[in-house]
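Novice: target11.cif is the file, holding mmCIF, C-alpha atoms:
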data_query
loop_
_atom_site.label_atom_id
_atom_site.label_comp_id
_atom_site.auth_asym_id
_atom_site.auth_seq_id
_atom_site.Cartn_x
_atom_site.Cartn_y
_atom_site.Cartn_z
CA ASN A 28 43.09 -12.94 16.82
CA TYR A 29 43.52 -13.26 20.57
CA ASN A 30 47.30 -12.72 20.31
CA ASP A 31 46.78 -9.69 18.02
CA MET A 32 44.37 -8.24 20.55
CA LEU A 33 46.90 -8.72 23.37
CA ARG A 34 49.61 -7.01 21.31
CA GLN A 35 47.33 -4.06 20.59
CA ILE A 36 46.43 -3.75 24.27
CA GLN A 37 50.11 -3.84 25.21
CA GLN A 38 50.89 -1.15 22.62
CA LEU A 39 48.13 1.05 24.04
CA ILE A 40 49.43 0.52 27.58
CA ASN A 41 52.96 1.45 26.49
CA GLN A 42 51.63 4.53 24.71
CA VAL A 43 49.72 5.66 27.81
CA VAL A 44 52.78 5.11 30.02
CA GLU A 45 54.97 7.09 27.62
CA GLU A 46 52.46 9.95 27.45
CA GLN A 47 52.17 10.04 31.24
CA GLU A 48 55.97 10.17 31.55
CA LEU A 49 56.19 13.04 29.07
CA LYS A 50 53.44 14.87 30.93
CA ARG A 51 55.23 14.34 34.23
CA LYS A 52 58.47 15.76 32.82
CA SER A 53 56.58 18.67 31.27
CA ASP A 54 54.85 19.44 34.58
CA MET A 55 58.17 19.24 36.40
CA LEU A 56 59.81 21.69 33.99
CA ALA A 57 56.85 24.03 34.36
CA LEU A 58 57.18 23.91 38.15
CA GLN A 59 60.92 24.54 37.93
CA SER A 60 60.38 27.53 35.69
CA GLN A 61 58.04 28.94 38.32
CA ILE A 62 60.17 28.13 41.35
CA ASN A 63 63.52 29.38 40.03
CA PRO A 64 62.42 32.93 39.14
CA HIS A 65 60.69 33.33 42.50
CA PHE A 66 63.80 32.05 44.27
CA LEU A 67 65.91 34.54 42.34
CA TYR A 68 63.48 37.34 43.11
CA ASN A 69 63.61 36.60 46.83
CA SER A 70 67.40 36.37 46.69
CA LEU A 71 67.61 39.75 44.98
CA ASP A 72 65.33 41.20 47.64
CA THR A 73 67.75 39.92 50.29
CA ILE A 74 70.78 41.32 48.42
CA SER A 75 69.03 44.68 48.13
CA TRP A 76 68.33 44.75 51.87
CA LEU A 77 71.92 43.77 52.74
CA GLY A 78 73.32 46.42 50.39
CA PHE A 79 71.08 49.09 51.91
CA ALA A 80 71.91 47.99 55.45
CA ALA A 81 75.65 48.17 54.63
CA GLY A 82 75.27 51.67 53.26
CA ASN A 83 75.92 50.62 49.63
CA GLU A 84 72.93 52.17 47.91
CA LYS A 85 74.22 51.29 44.42
CA ILE A 86 74.03 47.56 45.12
CA SER A 87 70.55 48.03 46.53
CA GLU A 88 69.37 50.04 43.50
CA ILE A 89 70.75 47.55 40.97
CA SER A 90 69.15 44.64 42.85
CA VAL A 91 65.80 46.43 42.91
CA ALA A 92 66.01 47.18 39.16
CA LEU A 93 66.82 43.54 38.36
CA ALA A 94 64.05 42.33 40.67
CA LYS A 95 61.53 44.51 38.84
CA ILE A 96 62.58 43.01 35.50
CA LEU A 97 62.31 39.52 36.97
CA ARG A 98 58.87 40.26 38.44
CA ALA A 99 57.63 41.45 35.05
CA SER A 100 59.09 38.32 33.48
CA ILE A 101 57.28 36.09 35.99
CA LYS A 102 53.95 37.80 35.34
CA ARG A 103 54.62 37.86 31.58
CA ALA A 104 51.33 39.51 30.61
CA ASP A 105 50.41 39.09 26.95
CA MET A 106 49.72 42.81 26.60
CA VAL A 107 51.18 45.70 28.59
CA THR A 108 51.04 49.45 28.20
CA ILE A 109 53.91 51.12 26.40
CA GLU A 110 54.64 52.93 29.68
CA GLU A 111 55.03 49.56 31.45
CA GLU A 112 57.27 48.28 28.66
CA MET A 113 59.42 51.40 28.95
CA GLN A 114 59.83 50.81 32.69
CA ILE A 115 61.27 47.37 31.93
CA VAL A 116 63.65 48.93 29.41
CA LYS A 117 64.70 51.68 31.84
CA ASN A 118 65.40 49.17 34.61
CA TYR A 119 67.51 47.11 32.22
CA LEU A 120 69.40 50.21 31.04
CA PHE A 121 69.96 51.36 34.63
CA ILE A 122 71.82 48.11 35.28
CA GLN A 123 73.83 48.43 32.06
CA GLU A 124 74.66 52.09 32.70
CA SER A 125 75.93 51.11 36.15
CA ARG A 126 78.20 48.61 34.44
CA PHE A 127 79.44 50.80 31.58
CA GLU A 128 79.25 54.13 33.46
CA ASP A 129 79.58 56.98 30.92
CA LYS A 130 80.23 54.71 27.96
CA ILE A 131 76.54 54.55 26.96
CA ARG A 132 74.20 57.51 26.56
CA VAL A 133 70.45 56.91 26.13
CA VAL A 134 68.03 59.22 24.32
CA TYR A 135 64.27 58.68 24.67
CA GLN A 136 61.94 60.02 21.99
CA VAL A 137 58.54 58.79 23.15
CA ASP A 138 55.30 60.55 22.21
CA GLU A 139 53.29 61.10 25.39
CA GLU A 140 50.13 60.02 23.56
CA THR A 141 51.49 56.51 23.04
CA ARG A 142 52.29 55.72 26.68
CA GLY A 143 48.77 54.50 27.42
CA PHE A 144 48.52 52.31 24.30
CA TYR A 145 48.93 48.56 24.61
CA MET A 146 51.62 46.33 23.05
CA PRO A 147 52.93 42.76 23.42
CA GLY A 148 55.24 42.59 26.45
CA PHE A 149 59.04 42.23 26.27
CA LEU A 150 59.46 43.41 22.67
CA LEU A 151 61.76 46.36 23.26
CA GLN A 152 64.14 45.01 25.92
CA PRO A 153 65.62 42.29 23.64
CA LEU A 154 66.24 44.91 20.93
CA VAL A 155 67.96 47.22 23.42
CA GLU A 156 70.05 44.31 24.72
CA ASN A 157 70.99 43.38 21.16
CA SER A 158 72.20 46.94 20.46
CA ILE A 159 74.34 47.05 23.60
CA ILE A 160 75.91 43.61 23.32
CA HIS A 161 76.52 43.48 19.57
CA GLY A 162 76.77 47.14 18.63
CA MET A 163 78.11 49.13 21.57
CA GLU A 164 79.75 46.88 24.17
CA GLN A 165 83.14 46.65 22.43
CA GLU A 166 83.28 50.29 21.35
CA ILE A 167 86.04 52.27 23.07
CA LYS A 168 84.34 55.62 22.55
CA GLY A 169 81.05 56.54 24.18
CA SER A 170 78.00 55.35 22.25
CA CYS A 171 74.46 56.65 21.98
CA LEU A 172 71.32 54.50 22.07
CA THR A 173 68.07 56.07 20.85
CA ILE A 174 64.61 54.65 21.57
CA SER A 175 61.82 56.22 19.51
CA ILE A 176 58.07 55.58 19.76
CA SER A 177 55.57 57.58 17.74
CA ARG A 178 52.05 57.35 16.36
CA GLU A 179 51.16 57.75 12.71
CA GLY A 180 47.48 57.26 12.01
CA GLU A 181 46.39 53.83 13.17
CA TRP A 182 49.95 52.58 13.73
CA VAL A 183 52.51 52.93 16.50
CA TYR A 184 56.12 52.95 15.24
CA PHE A 185 59.03 51.69 17.33
CA GLN A 186 62.73 52.15 16.60
CA VAL A 187 65.84 51.17 18.56
CA SER A 188 69.03 52.55 17.01
CA ASP A 189 72.66 52.88 18.04
CA ASP A 190 75.77 54.51 16.62
CA GLY A 191 77.96 51.49 17.35
CA LYS A 192 80.15 49.42 15.06
CA GLY A 193 77.34 48.36 12.71
CA MET A 194 77.46 45.34 10.38
CA GLU A 195 78.78 44.43 6.96
CA LYS A 196 76.19 43.56 4.32
CA GLU A 197 76.94 39.81 4.55
CA GLN A 198 76.65 39.83 8.35
CA LEU A 199 73.37 41.75 8.14
CA GLU A 200 71.90 39.26 5.65
CA LEU A 201 72.96 36.35 7.86
CA LEU A 202 71.24 37.94 10.85
CA LYS A 203 68.03 38.38 8.87
CA GLN A 204 68.16 34.73 7.77
CA GLN A 205 68.65 33.63 11.38
CA CYS A 206 65.58 35.63 12.43
CA GLN A 207 63.49 33.97 9.73
CA GLY A 208 64.97 30.46 9.98
CA GLU A 209 64.61 27.64 12.47
CA GLN A 210 68.32 27.05 13.01
CA GLY A 211 71.03 29.08 14.69
CA GLU A 212 71.56 30.10 18.29
CA LYS A 213 72.77 33.63 17.60
CA GLY A 214 70.31 36.49 17.90
CA ILE A 215 67.83 34.40 19.92
CA GLY A 216 66.25 37.49 21.50
CA LEU A 217 65.97 39.22 18.13
CA LYS A 218 64.54 36.08 16.55
CA ASN A 219 61.96 35.80 19.32
CA VAL A 220 60.80 39.37 18.73
CA TYR A 221 60.58 38.81 14.97
CA ARG A 222 58.62 35.54 15.33
CA ARG A 223 56.13 37.06 17.79
CA LEU A 224 55.52 40.05 15.54
CA GLN A 225 55.02 37.78 12.54
CA LEU A 226 52.56 35.55 14.42
CA LEU A 227 50.56 38.52 15.70
CA TYR A 228 50.65 40.93 12.77
CA GLY A 229 52.27 39.20 9.79
CA GLU A 230 54.15 41.33 7.28
CA SER A 231 52.13 44.39 8.29
CA CYS A 232 54.49 44.82 11.26
CA GLU A 233 57.17 46.00 8.78
CA PHE A 234 60.05 44.60 10.84
CA GLN A 235 63.32 46.07 9.51
CA ILE A 236 67.02 45.91 10.33
CA ILE A 237 69.27 48.56 8.80
CA SER A 238 73.00 48.67 9.47
CA GLU A 239 76.17 50.25 8.11
CA PRO A 240 79.74 49.46 9.21
CA GLY A 241 80.96 52.16 11.55
CA GLN A 242 77.58 53.92 11.48
CA GLY A 243 75.48 51.72 13.74
CA THR A 244 72.31 49.65 13.53
CA SER A 245 68.62 50.47 13.56
CA ILE A 246 65.77 48.00 14.23
CA SER A 247 62.19 49.13 13.70
CA PHE A 248 58.67 47.73 13.56
CA ARG A 249 55.08 48.90 13.84
CA ILE A 250 51.92 47.56 15.49
CA PRO A 251 48.30 48.73 15.35
CA VAL A 252 47.15 51.34 17.86
CA ILE A 253 45.57 49.38 20.73
CA LYS A 254 43.72 51.51 23.27
CA LYS A 255 42.55 50.31 26.68
CA GLN A 256 38.93 49.88 25.68
CA GLU A 257 40.00 47.83 22.63
CA ARG A 258 42.46 45.63 24.51
#
Could you render the structure from this file as structure tokens?
Specialist:
Amino acid sequence: NYNDMLRQIQQLINQVVEEQELKRKSDMLALQSQINPHFLYNSLDTISWLGFAAGNEKISEISVALAKILRASIKRADMVTIEEEMQIVKNYLFIQESRFEDKIRVVYQVDEETRGFYMPGFLLQPLVENSIIHGMEQEIKGSCLTISISREGEWVYFQVSDDGKGMEKEQLELLKQQCQGEQGEKGIGLKNVYRRLQLLYGESCEFQIISEPGQGTSISFRIPVIKKQER
């Protein structure tokens, strides 16, 4: 009995040591995730100042746009206004338009009424990024990206569509499976958006991906109207 008790005590000690080690590693990763973005933000601030001082306003403007995205990412508020979300999208698109010049044209169709409504942060930017990288980046001709936000009753509808290369039916089905499944590294941003919408609103979010080869891709979803006083 004495030996059994000693073994149990040793097992408990080992368990505590292991848990403390895991906690230490977790705390370290958390600190790193806080330090690195702030370091990048400060570095971008320096690059912006150097670009402005050298008379290269474009470098300064791109650095400022990226810094704003990074600042929003650091804060990572659970809920933001649609206007704040659109500012993140516009900063991201400003950087991409600087890279692709006239290759990408952006059309905004945003109901003014919706700008003050609240939504989960960083839902639109991954969809916009997905359209540019997978639908428009390799297109030789100029492409158009359309961002639509409208209210219908108690719902706010979002749609990000492009007229890029689109997807075959098999590729589209694979993408949907990757969004719903646990495996696969492709479409991580899209999967993240889908999972968050499912956790918050379930099937009522009506998340949809529609695509035709040579016609482009459209991703849409809806969330309940959330006003400031109901936040």
Novice: Need the shell around Trp76 of chain A: protein/DNA/RNA residues with any atom at most 12 Å away, counting only C-alpha atoms. Skip same-chain ones fewer than 6 positions apart. Format as a PyMOL selection string?
Specialist: chain A and resi 69-70+82-91
Novice: Go through segment 67-147 of chain A residue by residue and, counting only C-alpha atoms, keep those with an atom at most 12 Å from segment 190-199 of chain A; for each kept residue give the shortest atom pair and its distance in Å to one decimal, ordered by chain and increasing number, as JSON lines.
Specialist:
{"residue": "A:Lys130", "atom": "CA", "partner": "A:Gly191", "partner_atom": "CA", "distance": 11.3}
{"residue": "A:Ile131", "atom": "CA", "partner": "A:Gly191", "partner_atom": "CA", "distance": 10.2}
{"residue": "A:Arg132", "atom": "CA", "partner": "A:Asp190", "partner_atom": "CA", "distance": 10.5}
{"residue": "A:Val133", "atom": "CA", "partner": "A:Asp190", "partner_atom": "CA", "distance": 11.2}
{"residue": "A:Val134", "atom": "CA", "partner": "A:Asp190", "partner_atom": "CA", "distance": 11.9}
Novice: Quick one: everything within 9 Å of Leu217 of chain A, counting all atoms listed in the file, minus sequence neighbours fewer than 5 positions away in the same chain. Send it as a list in words.
Specialist: Leu150, Pro153, Leu154, Asn157, Cys206 and Arg222 of chain A
Novice: Write out as a PDB file with C-alpha atoms, keeping the file's coordinate frame which residues come within 12 Å of Phe234 of chain A when counting all atoms listed in the file, dropping same-chain ones fewer than 5 positions away.
Specialist:
ATOM      1  CA  LEU A 150      59.460  43.410  22.670  1.00  0.00           C
ATOM      2  CA  LEU A 154      66.240  44.910  20.930  1.00  0.00           C
ATOM      3  CA  TYR A 184      56.120  52.950  15.240  1.00  0.00           C
ATOM      4  CA  PHE A 185      59.030  51.690  17.330  1.00  0.00           C
ATOM      5  CA  GLN A 186      62.730  52.150  16.600  1.00  0.00           C
ATOM      6  CA  VAL A 187      65.840  51.170  18.560  1.00  0.00           C
ATOM      7  CA  LYS A 203      68.030  38.380   8.870  1.00  0.00           C
ATOM      8  CA  CYS A 206      65.580  35.630  12.430  1.00  0.00           C
ATOM      9  CA  GLN A 207      63.490  33.970   9.730  1.00  0.00           C
ATOM     10  CA  LEU A 217      65.970  39.220  18.130  1.00  0.00           C
ATOM     11  CA  LYS A 218      64.540  36.080  16.550  1.00  0.00           C
ATOM     12  CA  VAL A 220      60.800  39.370  18.730  1.00  0.00           C
ATOM     13  CA  TYR A 221      60.580  38.810  14.970  1.00  0.00           C
ATOM     14  CA  ARG A 222      58.620  35.540  15.330  1.00  0.00           C
ATOM     15  CA  ARG A 223      56.130  37.060  17.790  1.00  0.00           C
ATOM     16  CA  LEU A 224      55.520  40.050  15.540  1.00  0.00           C
ATOM     17  CA  GLN A 225      55.020  37.780  12.540  1.00  0.00           C
ATOM     18  CA  TYR A 228      50.650  40.930  12.770  1.00  0.00           C
ATOM     19  CA  GLY A 229      52.270  39.200   9.790  1.00  0.00           C
ATOM     20  CA  SER A 245      68.620  50.470  13.560  1.00  0.00           C
ATOM     21  CA  ILE A 246      65.770  48.000  14.230  1.00  0.00           C
ATOM     22  CA  SER A 247      62.190  49.130  13.700  1.00  0.00           C
ATOM     23  CA  PHE A 248      58.670  47.730  13.560  1.00  0.00           C
ATOM     24  CA  ARG A 249      55.080  48.900  13.840  1.00  0.00           C
ATOM     25  CA  ILE A 250      51.920  47.560  15.490  1.00  0.00           C
TER      26      ILE A 250
END
Novice: With 6 Å on each side, where is the centre of the axis-aligned box around all listed atoms of segment 35-38 of chain A, and how long are its edges in Å to one decimal, as AutoDock Vina command-line options?
Specialist:
--center_x 48.7 --center_y -2.6 --center_z 22.9 --size_x 16.5 --size_y 14.9 --size_z 16.6
Novice: Given the choices A:Asp31, A:Glu111, A:Glu239, A:Glu45, which gets closest to Pro147 of chain A if the distance is worked out from only C-alpha atoms?
Specialist: A:Glu111
Novice: Quick one, how far is atom CA of Ser100 of chain A from atom CA of Ile115 of chain A?
Specialist: 9.4 Å
Novice: May I have the protein, DNA and RNA residues with any atom at most 10 Å from the point (60.2, 58.8, 21.9), counting all atoms listed in the file, written as a count of residues only?
Specialist: 17
